[in-house]
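Scroll down for the structure; my scribbles are underneath it.
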2 protein chains.
Amino acid sequence: MQIVVLAGGTGGARFLRGVRSAAPGAEITAVVNTGDDVTLHGLRICPDLDTVMYTLGGGIDEERGWGRAGESWTVKEELAAYGADPDWFGLGDRDLATHLIRTRMLDAGFPLSQVTAALADRWQPGVTLLPMSDQRVETHVVVTDPGTGRQRAIHFQEWWVRHRAALDPAAFVQIGVEAARPAPGVLEAFAAADAVLLAPSNPVVSIGTVLGVPGLREALLSSPARVVGVSPVVGGGVLRGMADRCLPALGVEVSAEGVGRHYGSRTDGGLLDAWLVAPGDAADVPGVDVRQVPLLMSSAEATTALAQAALDAAGFRAAGV
Amino acid sequence: MQIVVLAGGTGGARFLRGVRSAAPGAEITAVVNTGDDVTLHGLRICPDLDTVMYTLGGGIDEERGWGRAGESWTVKEELAAYGADPDWFGLGDRDLATHLIRTRMLDAGFPLSQVTAALADRWQPGVTLLPMSDQRVETHVVVTDPGTGRQRAIHFQEWWVRHRAALDPAAFVQIGVEAARPAPGVLEAFAAADAVLLAPSNPVVSIGTVLGVPGLREALLSSPARVVGVSPVVGGGVLRGMADRCLPALGVEVSAEGVGRHYGSRTDGGLLDAWLVAPGDAADVPGVDVRQVPLLMSSAEATTALAQAALDAAGFRAAGV
């Protein structure tokens, strides 16, 4: 049995943990957003890949939801003492070893997918961890500069981490996406899938970015599996992240129905066969099997139950469950 | 008044601190060995330059004599957890920020001398810190492999840090030295010097490597200043480092006299006008003004007195001293 999950960072990582628990006998492939990736201080940083890897490998800071448990910040402080820019990125000492190895391997010519596999060899996440693409795709946010009043595009990390998404986004652009191709294994995973799940990740800068890789959306739509999405919006808001700041830029209402309609029905050229929304979130998405299930991943049990509900909606019954 | 000091790591750094203290009004230029430099985990590491910079800038671990005070080793431990080689090098978290900035600047095309100046801007060492060369020169040690019985050349750091100099050195070779040139400012410093001092650093892999840069020895010999050396050997042994393991490979006796004769008299094509040895270390070096003075840099006062003795031997009297 094969399951493919499209995922961003923290929410996607936790959802994947639930899927792994709900379907212990299945082969799970995570196709992870790399649009948040950034090079800082000469280090190639892949926040979503690392969040998924650390979360599934037992190394995540559970409270923060990103970075390593027991993290320290010595290198970051020293870089700041030299006056090295930028100083606003959360570059942890433990985390930094991951970036060093990744950077060396990329510099040596290894593609990101092979680098990711090498790093995952330590963490044994229990799923196949694939970047959406081996080519660089970096999300930039078009904002109006408060000083000059002119529009400019800043890296997603600068918008989110430095400015805490305070600058109104006029648009999200994926630099490099035209030349990107799905990473090795992605198309094969869709073709062989028994279930395709969209994690409750940001529909714009996570799931949207993954689907923006040329050929990837088509491969998903051609999959023999049912496609089930999980709403990242609960009761008109988001539990974490900044999807509520991203969706309006695309004219999408911040609601489970709004996101469901944005993804659209597979019967109508959209993505979804089924759409999971929180109890009480009435959502009318024509052509889609909308189900109300508890969405809060507040415990391992709740997360597993959510994943099971998603697999149920995909018509998938894991062996032994 | 201008003073040039040739220096390696810990001993050279401490001696420089004494010179700075003994001649507060002077312009001091340190020409530092870069033969120990190495690239590990993608980071360009310059141990001697950093030791001098941290020592003069107040950031050194005084007890260890290298690396940063209050150092931690998180990144090193994490790299080891990934199985990344090598795991034997003392890569500290605080120190690592220096390497990151250096590596970025070198990758961006800045020469090492400019990178060094940029780093020193934080530390304000009070001397002009020059690498011996902007070109890469890396000392390798020819050893006999215990397993195969065949000779091979290993990087100095591997010989010293990994093997603790336990493998007998057949020779020391400077990879890249043919293409090296003295760094900007080195030749000018010799030409303008009122005193040239050879710190009590390793005569083979520190001072010897500096002098091996094509044109550098000639510039030193053409200097109008007197050249004064300080013996790194006291009573037939070394206080730290592994000069006692290096000198025999060149057929040089491990004694103040042996090293003095190895450097040789300037009247005879050698380097020295004067040679400072420890009290009790009788040394006959023809053509050289040999002086017995306390060499132990056991306190700030003792170190300053040693530097003053060296400046005296150079016929140099600092203003205000």
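As shown in the structure tokens, the chain order sets the letters A, B, ...; within each chain, residues go from 1, and ligands are also counted from 1 in the order they appear.
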
Inset, instruction - Define the interface residues of chain B facing chain A as those within 7 Å, counting only C-alpha atoms, and report them as a ChimeraX atom specification. - result: /B:41-42,74-75,78-79,82,93-94,96-97,100,104,122

Atoms to include: all heavy atoms. Write the selected residues as a compact mmCIF listing (two decimals), in the first residue's frame.
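Now in result-v7.txt:
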# COMPACT_ATOMS: atom_id res chain seq x y z
N HIS B 41 34.60 20.39 6.48
CA HIS B 41 33.14 20.57 6.48
C HIS B 41 32.76 21.80 5.64
O HIS B 41 31.79 22.49 5.95
CB HIS B 41 32.61 20.69 7.90
CG HIS B 41 32.98 19.51 8.76
ND1 HIS B 41 32.45 18.26 8.56
CD2 HIS B 41 33.86 19.38 9.79
CE1 HIS B 41 32.98 17.41 9.44
NE2 HIS B 41 33.84 18.06 10.19
N GLY B 42 33.57 22.06 4.63
CA GLY B 42 33.28 23.19 3.76
C GLY B 42 33.70 24.53 4.32
O GLY B 42 33.45 25.57 3.69
N THR B 74 28.70 22.06 20.11
CA THR B 74 27.46 21.46 19.64
C THR B 74 27.53 21.05 18.17
O THR B 74 27.14 19.93 17.82
CB THR B 74 26.31 22.48 19.83
OG1 THR B 74 26.29 22.90 21.19
CG2 THR B 74 24.98 21.86 19.47
N VAL B 75 28.01 21.94 17.32
CA VAL B 75 28.02 21.63 15.89
C VAL B 75 28.92 20.43 15.63
O VAL B 75 28.57 19.52 14.85
CB VAL B 75 28.49 22.85 15.08
CG1 VAL B 75 28.54 22.50 13.60
CG2 VAL B 75 27.57 24.04 15.31
N GLU B 78 27.13 17.32 16.52
CA GLU B 78 26.08 17.01 15.55
C GLU B 78 26.65 16.48 14.25
O GLU B 78 26.10 15.56 13.64
CB GLU B 78 25.23 18.25 15.29
CG GLU B 78 24.30 18.60 16.43
CD GLU B 78 23.21 17.55 16.62
OE1 GLU B 78 22.72 17.01 15.62
OE2 GLU B 78 22.88 17.26 17.78
N LEU B 79 27.76 17.07 13.81
CA LEU B 79 28.41 16.56 12.60
C LEU B 79 28.82 15.10 12.81
O LEU B 79 28.65 14.26 11.92
CB LEU B 79 29.63 17.42 12.25
CG LEU B 79 29.33 18.81 11.70
CD1 LEU B 79 30.60 19.66 11.66
CD2 LEU B 79 28.71 18.73 10.30
N TYR B 82 26.03 12.72 12.43
CA TYR B 82 25.74 12.41 11.02
C TYR B 82 26.80 11.49 10.42
O TYR B 82 26.67 11.06 9.28
CB TYR B 82 25.68 13.69 10.19
CG TYR B 82 24.35 14.40 10.21
CD1 TYR B 82 24.18 15.63 10.82
CD2 TYR B 82 23.24 13.84 9.57
CE1 TYR B 82 22.96 16.29 10.82
CE2 TYR B 82 22.02 14.49 9.56
CZ TYR B 82 21.89 15.71 10.18
OH TYR B 82 20.68 16.34 10.17
N ASP B 93 31.79 26.05 18.46
CA ASP B 93 30.64 26.80 17.97
C ASP B 93 30.97 28.28 17.78
O ASP B 93 30.61 28.88 16.76
CB ASP B 93 29.46 26.67 18.95
CG ASP B 93 28.99 25.23 19.10
OD1 ASP B 93 29.17 24.45 18.15
OD2 ASP B 93 28.47 24.89 20.18
N ARG B 94 31.63 28.88 18.76
CA ARG B 94 31.97 30.31 18.64
C ARG B 94 32.95 30.53 17.50
O ARG B 94 32.80 31.44 16.68
CB ARG B 94 32.59 30.80 19.95
CG ARG B 94 31.61 30.88 21.08
CD ARG B 94 32.20 31.56 22.29
NE ARG B 94 31.16 31.84 23.27
CZ ARG B 94 31.32 32.57 24.35
NH1 ARG B 94 32.50 33.10 24.63
NH2 ARG B 94 30.33 32.78 25.18
N LEU B 96 33.29 28.81 14.95
CA LEU B 96 32.69 28.47 13.67
C LEU B 96 32.15 29.70 12.94
O LEU B 96 32.19 29.77 11.71
CB LEU B 96 31.59 27.43 13.88
CG LEU B 96 31.15 26.65 12.65
CD1 LEU B 96 30.93 25.19 13.03
CD2 LEU B 96 29.89 27.22 12.07
N ALA B 97 31.66 30.65 13.69
CA ALA B 97 31.15 31.87 13.06
C ALA B 97 32.26 32.57 12.27
O ALA B 97 32.03 33.09 11.17
CB ALA B 97 30.56 32.81 14.11
N LEU B 100 32.70 30.66 9.07
CA LEU B 100 31.58 30.89 8.15
C LEU B 100 31.77 32.19 7.39
O LEU B 100 31.61 32.25 6.17
CB LEU B 100 30.26 30.94 8.92
CG LEU B 100 29.50 29.64 9.15
CD1 LEU B 100 28.25 29.91 9.97
CD2 LEU B 100 29.12 28.98 7.83
N ARG B 104 32.56 32.52 3.36
CA ARG B 104 31.69 33.29 2.47
C ARG B 104 32.48 34.34 1.71
O ARG B 104 32.29 34.55 0.52
CB ARG B 104 30.62 34.02 3.27
CG ARG B 104 29.46 33.17 3.67
CD ARG B 104 28.46 34.02 4.39
NE ARG B 104 27.58 34.73 3.48
CZ ARG B 104 26.85 35.78 3.82
NH1 ARG B 104 26.94 36.26 5.05
NH2 ARG B 104 26.05 36.35 2.96
N ARG B 122 36.39 43.39 14.11
CA ARG B 122 35.66 43.11 15.36
C ARG B 122 36.61 43.03 16.55
O ARG B 122 36.29 43.52 17.63
CB ARG B 122 34.91 41.78 15.23
CG ARG B 122 34.34 41.30 16.56
CD ARG B 122 33.64 39.97 16.44
NE ARG B 122 33.23 39.47 17.75
CZ ARG B 122 32.79 38.24 18.00
NH1 ARG B 122 32.70 37.38 17.00
NH2 ARG B 122 32.45 37.87 19.21

Legend entry - Sel. of alpha helix (DSSP H) residues, range 70-284 of chain B, as an MDAnalysis selection string: chainID B and resid 74:81 93:107 112:123 156:157 186:192 207:211 216:221 243:246 256:263

Moved chain B, fitted on chain A by every C-alpha in sequence order, as a compact mmCIF listing (two decimals) with C-alpha atoms, in the first residue's frame:
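Done, and the output landed in selection.txt:
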# COMPACT_ATOMS: atom_id res chain seq x y z
CA MET B 1 -0.06 0.01 -0.03
CA GLN B 2 1.39 3.35 -0.99
CA ILE B 3 0.50 6.78 0.30
CA VAL B 4 1.72 10.13 -0.99
CA VAL B 5 1.47 13.19 1.23
CA LEU B 6 2.08 16.75 0.04
CA ALA B 7 3.44 18.72 2.96
CA GLY B 8 4.94 21.97 4.14
CA GLY B 9 6.52 22.47 7.56
CA THR B 10 5.14 21.98 11.05
CA GLY B 11 1.53 21.07 10.22
CA GLY B 12 2.57 18.78 7.42
CA ALA B 13 5.20 17.13 9.60
CA ARG B 14 2.75 16.42 12.39
CA PHE B 15 0.17 15.13 9.93
CA LEU B 16 2.80 12.81 8.48
CA ARG B 17 3.48 11.46 11.92
CA GLY B 18 -0.21 10.64 12.15
CA VAL B 19 -0.20 8.92 8.75
CA ARG B 20 2.82 6.85 9.72
CA SER B 21 1.01 5.80 12.86
CA ALA B 22 -2.33 5.14 11.13
CA ALA B 23 -0.81 3.05 8.35
CA PRO B 24 2.16 1.24 9.81
CA GLY B 25 2.43 -1.20 6.93
CA ALA B 26 2.25 1.35 4.16
CA GLU B 27 5.00 2.92 2.08
CA ILE B 28 4.65 6.62 2.67
CA THR B 29 6.20 9.23 0.41
CA ALA B 30 6.32 12.83 1.58
CA VAL B 31 6.62 15.40 -1.20
CA VAL B 32 7.84 18.46 0.65
CA ASN B 33 7.78 22.13 -0.20
CA THR B 34 11.20 23.65 -0.85
CA GLY B 35 9.96 27.13 -1.74
CA ASP B 36 10.94 28.34 1.73
CA ASP B 37 14.54 27.33 1.15
CA VAL B 38 17.12 30.02 1.53
CA THR B 39 20.88 30.51 1.54
CA LEU B 40 22.09 32.44 4.58
CA HIS B 41 25.68 32.87 5.74
CA GLY B 42 26.66 30.59 2.89
CA LEU B 43 24.50 27.76 4.24
CA ARG B 44 21.71 26.15 2.25
CA ILE B 45 18.70 25.90 4.54
CA CYS B 46 15.59 23.83 3.76
CA PRO B 47 13.19 24.63 6.61
CA ASP B 48 10.29 22.38 5.59
CA LEU B 49 12.41 19.35 4.74
CA ASP B 50 14.22 19.71 8.05
CA THR B 51 11.03 20.19 10.03
CA VAL B 52 9.60 17.00 8.55
CA MET B 53 12.87 15.12 9.05
CA TYR B 54 13.33 16.23 12.65
CA THR B 55 9.65 15.70 13.52
CA LEU B 56 9.55 12.17 12.14
CA GLY B 57 13.05 11.42 13.42
CA GLY B 58 12.41 12.50 16.99
CA GLY B 59 14.71 15.53 16.91
CA ILE B 60 12.19 18.35 16.68
CA ASP B 61 11.55 20.99 19.30
CA GLU B 62 7.95 19.92 19.93
CA GLU B 63 6.86 23.16 21.52
CA ARG B 64 8.29 25.49 18.88
CA GLY B 65 7.40 23.14 16.04
CA TRP B 66 10.62 23.83 14.15
CA GLY B 67 14.31 23.39 14.80
CA ARG B 68 16.04 20.98 17.12
CA ALA B 69 15.10 20.11 20.68
CA GLY B 70 17.61 21.42 23.19
CA GLU B 71 18.85 23.93 20.68
CA SER B 72 21.48 26.60 21.42
CA TRP B 73 22.25 29.78 19.47
CA THR B 74 25.97 30.37 19.88
CA VAL B 75 26.87 30.65 16.21
CA LYS B 76 23.96 33.02 15.57
CA GLU B 77 25.09 35.28 18.40
CA GLU B 78 28.67 35.25 17.16
CA LEU B 79 27.62 36.08 13.61
CA ALA B 80 25.68 39.02 15.00
CA ALA B 81 28.75 40.10 16.98
CA TYR B 82 30.58 40.33 13.65
CA GLY B 83 27.70 42.38 12.26
CA ALA B 84 26.91 39.68 9.71
CA ASP B 85 23.52 40.01 8.02
CA PRO B 86 20.91 38.78 8.41
CA ASP B 87 20.60 38.48 12.17
CA TRP B 88 16.87 37.70 12.25
CA PHE B 89 16.94 34.10 11.13
CA GLY B 90 16.71 31.34 13.74
CA LEU B 91 19.95 29.56 12.98
CA GLY B 92 20.51 27.04 15.77
CA ASP B 93 23.80 25.33 16.54
CA ARG B 94 22.41 21.79 16.25
CA ASP B 95 20.48 22.66 13.14
CA LEU B 96 23.58 24.20 11.62
CA ALA B 97 25.33 20.86 11.26
CA THR B 98 22.52 19.76 8.94
CA HIS B 99 23.01 22.87 6.82
CA LEU B 100 26.77 22.41 6.70
CA ILE B 101 26.47 18.87 5.40
CA ARG B 102 23.75 19.83 2.94
CA THR B 103 25.77 22.77 1.64
CA ARG B 104 28.90 20.67 1.18
CA MET B 105 27.00 17.96 -0.68
CA LEU B 106 25.20 20.44 -2.93
CA ASP B 107 28.50 22.20 -3.63
CA ALA B 108 29.94 18.82 -4.56
CA GLY B 109 27.18 18.38 -7.13
CA PHE B 110 24.74 16.07 -5.41
CA PRO B 111 21.08 16.90 -6.11
CA LEU B 112 18.91 17.94 -3.17
CA SER B 113 16.99 14.66 -3.28
CA GLN B 114 20.19 12.67 -2.70
CA VAL B 115 21.33 15.09 -0.03
CA THR B 116 17.98 14.70 1.69
CA ALA B 117 18.28 10.93 1.59
CA ALA B 118 21.77 11.11 3.08
CA LEU B 119 20.61 13.34 5.93
CA ALA B 120 17.53 11.20 6.53
CA ASP B 121 19.79 8.19 6.93
CA ARG B 122 20.59 9.52 10.39
CA TRP B 123 17.00 10.38 11.32
CA GLN B 124 15.22 7.33 9.92
CA PRO B 125 11.92 9.17 9.48
CA GLY B 126 10.09 6.02 8.39
CA VAL B 127 8.84 7.69 5.23
CA THR B 128 10.50 8.45 1.92
CA LEU B 129 11.35 12.12 2.14
CA LEU B 130 11.40 13.86 -1.24
CA PRO B 131 11.89 17.51 -2.04
CA MET B 132 9.28 18.66 -4.53
CA SER B 133 12.14 19.42 -6.93
CA ASP B 134 15.91 19.23 -7.17
CA GLN B 135 15.94 22.63 -8.83
CA ARG B 136 15.94 25.77 -6.74
CA VAL B 137 12.54 27.37 -6.38
CA GLU B 138 12.34 30.23 -3.91
CA THR B 139 9.12 31.92 -2.92
CA HIS B 140 9.26 35.69 -2.92
CA VAL B 141 6.56 38.01 -1.66
CA VAL B 142 5.64 41.18 -3.49
CA VAL B 143 5.13 43.89 -0.89
CA THR B 144 4.92 47.64 -0.81
CA ASP B 145 7.99 49.16 0.79
CA PRO B 146 6.78 51.28 3.71
CA GLY B 147 9.56 53.76 3.10
CA THR B 148 9.39 54.36 -0.61
CA GLY B 149 5.84 53.29 -1.34
CA ARG B 150 7.19 51.17 -4.20
CA GLN B 151 6.64 47.48 -4.72
CA ARG B 152 9.47 45.05 -4.30
CA ALA B 153 9.85 41.30 -3.92
CA ILE B 154 11.44 39.95 -0.74
CA HIS B 155 12.28 36.36 0.11
CA PHE B 156 9.52 34.49 1.89
CA GLN B 157 11.75 34.06 4.94
CA GLU B 158 12.34 37.79 5.16
CA TRP B 159 8.60 38.43 4.90
CA TRP B 160 7.68 35.79 7.45
CA VAL B 161 10.54 35.57 9.92
CA ARG B 162 11.83 39.12 9.80
CA HIS B 163 8.57 41.00 9.26
CA ARG B 164 6.21 38.45 10.86
CA ALA B 165 4.04 38.72 7.72
CA ALA B 166 3.14 42.28 8.71
CA LEU B 167 3.65 43.66 5.20
CA ASP B 168 0.58 43.12 3.03
CA PRO B 169 1.41 40.65 0.27
CA ALA B 170 0.35 41.73 -3.19
CA ALA B 171 1.47 38.44 -4.72
CA PHE B 172 3.61 35.36 -4.19
CA VAL B 173 6.08 34.48 -6.89
CA GLN B 174 8.17 31.35 -7.23
CA ILE B 175 11.60 32.33 -8.49
CA GLY B 176 13.03 29.56 -10.63
CA VAL B 177 9.85 27.53 -10.93
CA GLU B 178 9.83 27.59 -14.73
CA ALA B 179 13.00 25.51 -14.84
CA ALA B 180 11.96 23.15 -12.07
CA ARG B 181 11.02 19.52 -12.53
CA PRO B 182 9.54 17.12 -9.99
CA ALA B 183 12.34 15.44 -8.03
CA PRO B 184 13.20 11.83 -8.89
CA GLY B 185 10.54 9.58 -7.41
CA VAL B 186 7.74 12.13 -7.26
CA LEU B 187 6.00 11.21 -10.50
CA GLU B 188 6.47 7.51 -9.80
CA ALA B 189 4.96 7.94 -6.34
CA PHE B 190 1.81 9.53 -7.73
CA ALA B 191 1.47 6.85 -10.39
CA ALA B 192 1.72 4.05 -7.82
CA ALA B 193 -0.29 5.73 -5.05
CA ASP B 194 -3.25 4.16 -3.30
CA ALA B 195 -3.99 7.45 -1.56
CA VAL B 196 -2.86 11.03 -2.07
CA LEU B 197 -3.21 13.37 0.89
CA LEU B 198 -2.81 17.12 1.05
CA ALA B 199 -1.59 17.89 4.56
CA PRO B 200 -3.14 20.82 6.45
CA SER B 201 -0.27 23.00 5.27
CA ASN B 202 -0.38 26.49 3.83
CA PRO B 203 -2.42 26.30 0.59
CA VAL B 204 -0.43 29.13 -0.97
CA VAL B 205 3.23 28.94 0.01
CA SER B 206 3.42 25.22 0.85
CA ILE B 207 0.90 23.07 -1.05
CA GLY B 208 0.51 25.75 -3.72
CA THR B 209 4.25 25.92 -4.28
CA VAL B 210 4.58 22.14 -4.52
CA LEU B 211 1.77 22.03 -7.07
CA GLY B 212 3.44 24.85 -9.03
CA VAL B 213 6.32 22.63 -10.11
CA PRO B 214 5.70 22.01 -13.81
CA GLY B 215 4.27 18.53 -14.35
CA LEU B 216 3.58 17.85 -10.70
CA ARG B 217 -0.07 18.88 -10.63
CA GLU B 218 -0.71 16.89 -13.78
CA ALA B 219 0.90 13.82 -12.24
CA LEU B 220 -1.26 14.20 -9.16
CA LEU B 221 -4.40 14.48 -11.27
CA SER B 222 -3.41 11.39 -13.24
CA SER B 223 -2.92 9.35 -10.08
CA PRO B 224 -5.23 6.34 -9.76
CA ALA B 225 -5.63 7.20 -6.09
CA ARG B 226 -8.28 9.37 -4.51
CA VAL B 227 -7.03 12.78 -3.42
CA VAL B 228 -8.00 13.94 0.05
CA GLY B 229 -7.26 17.35 1.45
CA VAL B 230 -7.21 18.46 5.08
CA SER B 231 -8.22 22.03 5.75
CA PRO B 232 -5.58 24.21 7.42
CA VAL B 233 -8.36 26.68 8.28
CA VAL B 234 -10.50 26.00 11.32
CA GLY B 235 -13.35 28.30 12.25
CA GLY B 236 -12.21 31.11 9.99
CA GLY B 237 -8.66 31.19 11.25
CA VAL B 238 -5.37 29.31 11.19
CA LEU B 239 -3.87 27.56 14.17
CA ARG B 240 -0.33 28.50 13.26
CA GLY B 241 1.59 29.96 10.36
CA MET B 242 0.26 32.77 8.18
CA ALA B 243 -2.11 31.24 5.63
CA ASP B 244 -4.62 33.88 6.71
CA ARG B 245 -2.19 36.47 5.38
CA CYS B 246 -1.58 34.56 2.13
CA LEU B 247 -5.04 33.50 1.00
CA PRO B 248 -6.47 37.03 0.54
CA ALA B 249 -3.66 37.83 -1.91
CA LEU B 250 -5.14 35.13 -4.14
CA GLY B 251 -8.70 36.30 -3.51
CA VAL B 252 -9.42 33.22 -1.44
CA GLU B 253 -11.65 33.48 1.61
CA VAL B 254 -10.01 32.39 4.87
CA SER B 255 -12.40 29.53 5.55
CA ALA B 256 -12.50 25.79 5.09
CA GLU B 257 -14.97 26.34 2.27
CA GLY B 258 -12.82 29.01 0.69
CA VAL B 259 -9.72 26.80 0.63
CA GLY B 260 -11.77 23.78 -0.50
CA ARG B 261 -13.14 25.73 -3.44
CA HIS B 262 -9.67 27.08 -4.18
CA TYR B 263 -8.36 23.53 -4.47
CA GLY B 264 -11.51 22.57 -6.40
CA SER B 265 -13.11 19.31 -7.36
CA ARG B 266 -11.25 16.72 -9.33
CA THR B 267 -14.43 16.21 -11.37
CA ASP B 268 -13.99 19.74 -12.57
CA GLY B 269 -10.26 20.08 -13.19
CA GLY B 270 -9.49 20.72 -9.52
CA LEU B 271 -7.56 18.63 -7.04
CA LEU B 272 -9.92 17.10 -4.53
CA ASP B 273 -11.95 13.95 -4.24
CA ALA B 274 -12.57 14.61 -0.56
CA TRP B 275 -12.07 17.51 1.84
CA LEU B 276 -11.80 17.26 5.59
CA VAL B 277 -13.05 20.22 7.59
CA ALA B 278 -13.50 20.79 11.30
CA PRO B 279 -16.80 19.98 12.98
CA GLY B 280 -18.98 23.03 12.64
CA ASP B 281 -17.12 24.33 9.58
CA ALA B 282 -19.94 24.00 7.06
CA ALA B 283 -18.28 23.87 3.66
CA ASP B 284 -19.98 23.55 0.33
CA VAL B 285 -17.47 22.44 -2.27
CA PRO B 286 -19.32 21.20 -5.34
CA GLY B 287 -18.25 17.77 -6.52
CA VAL B 288 -16.19 17.06 -3.40
CA ASP B 289 -16.92 14.63 -0.55
CA VAL B 290 -16.74 17.06 2.37
CA ARG B 291 -16.39 15.44 5.78
CA GLN B 292 -16.41 17.05 9.19
CA VAL B 293 -13.77 15.50 11.46
CA PRO B 294 -11.72 16.80 14.37
CA LEU B 295 -8.70 18.54 12.85
CA LEU B 296 -6.73 19.51 15.94
CA MET B 297 -3.50 17.55 16.12
CA SER B 298 -3.34 18.12 19.85
CA SER B 299 -2.07 14.65 20.74
CA ALA B 300 -0.61 11.61 19.05
CA GLU B 301 -4.00 9.91 19.26
CA ALA B 302 -5.88 12.86 17.77
CA THR B 303 -3.32 13.14 14.98
CA THR B 304 -3.54 9.45 14.17
CA ALA B 305 -7.34 9.65 14.14
CA LEU B 306 -7.20 12.57 11.72
CA ALA B 307 -4.85 10.67 9.43
CA GLN B 308 -7.11 7.64 9.62
CA ALA B 309 -10.08 9.81 8.65
CA ALA B 310 -8.13 11.08 5.67
CA LEU B 311 -7.23 7.52 4.64
CA ASP B 312 -10.86 6.51 5.09
CA ALA B 313 -11.92 9.30 2.78
CA ALA B 314 -9.40 8.01 0.27
CA GLY B 315 -11.05 4.61 0.45
CA PHE B 316 -7.85 3.26 1.89
CA ARG B 317 -7.64 0.70 4.67
CA ALA B 318 -4.20 0.09 5.98
CA ALA B 319 -3.25 -3.50 6.69
CA GLY B 320 -3.55 -4.26 10.34
CA VAL B 321 -5.64 -1.20 11.15
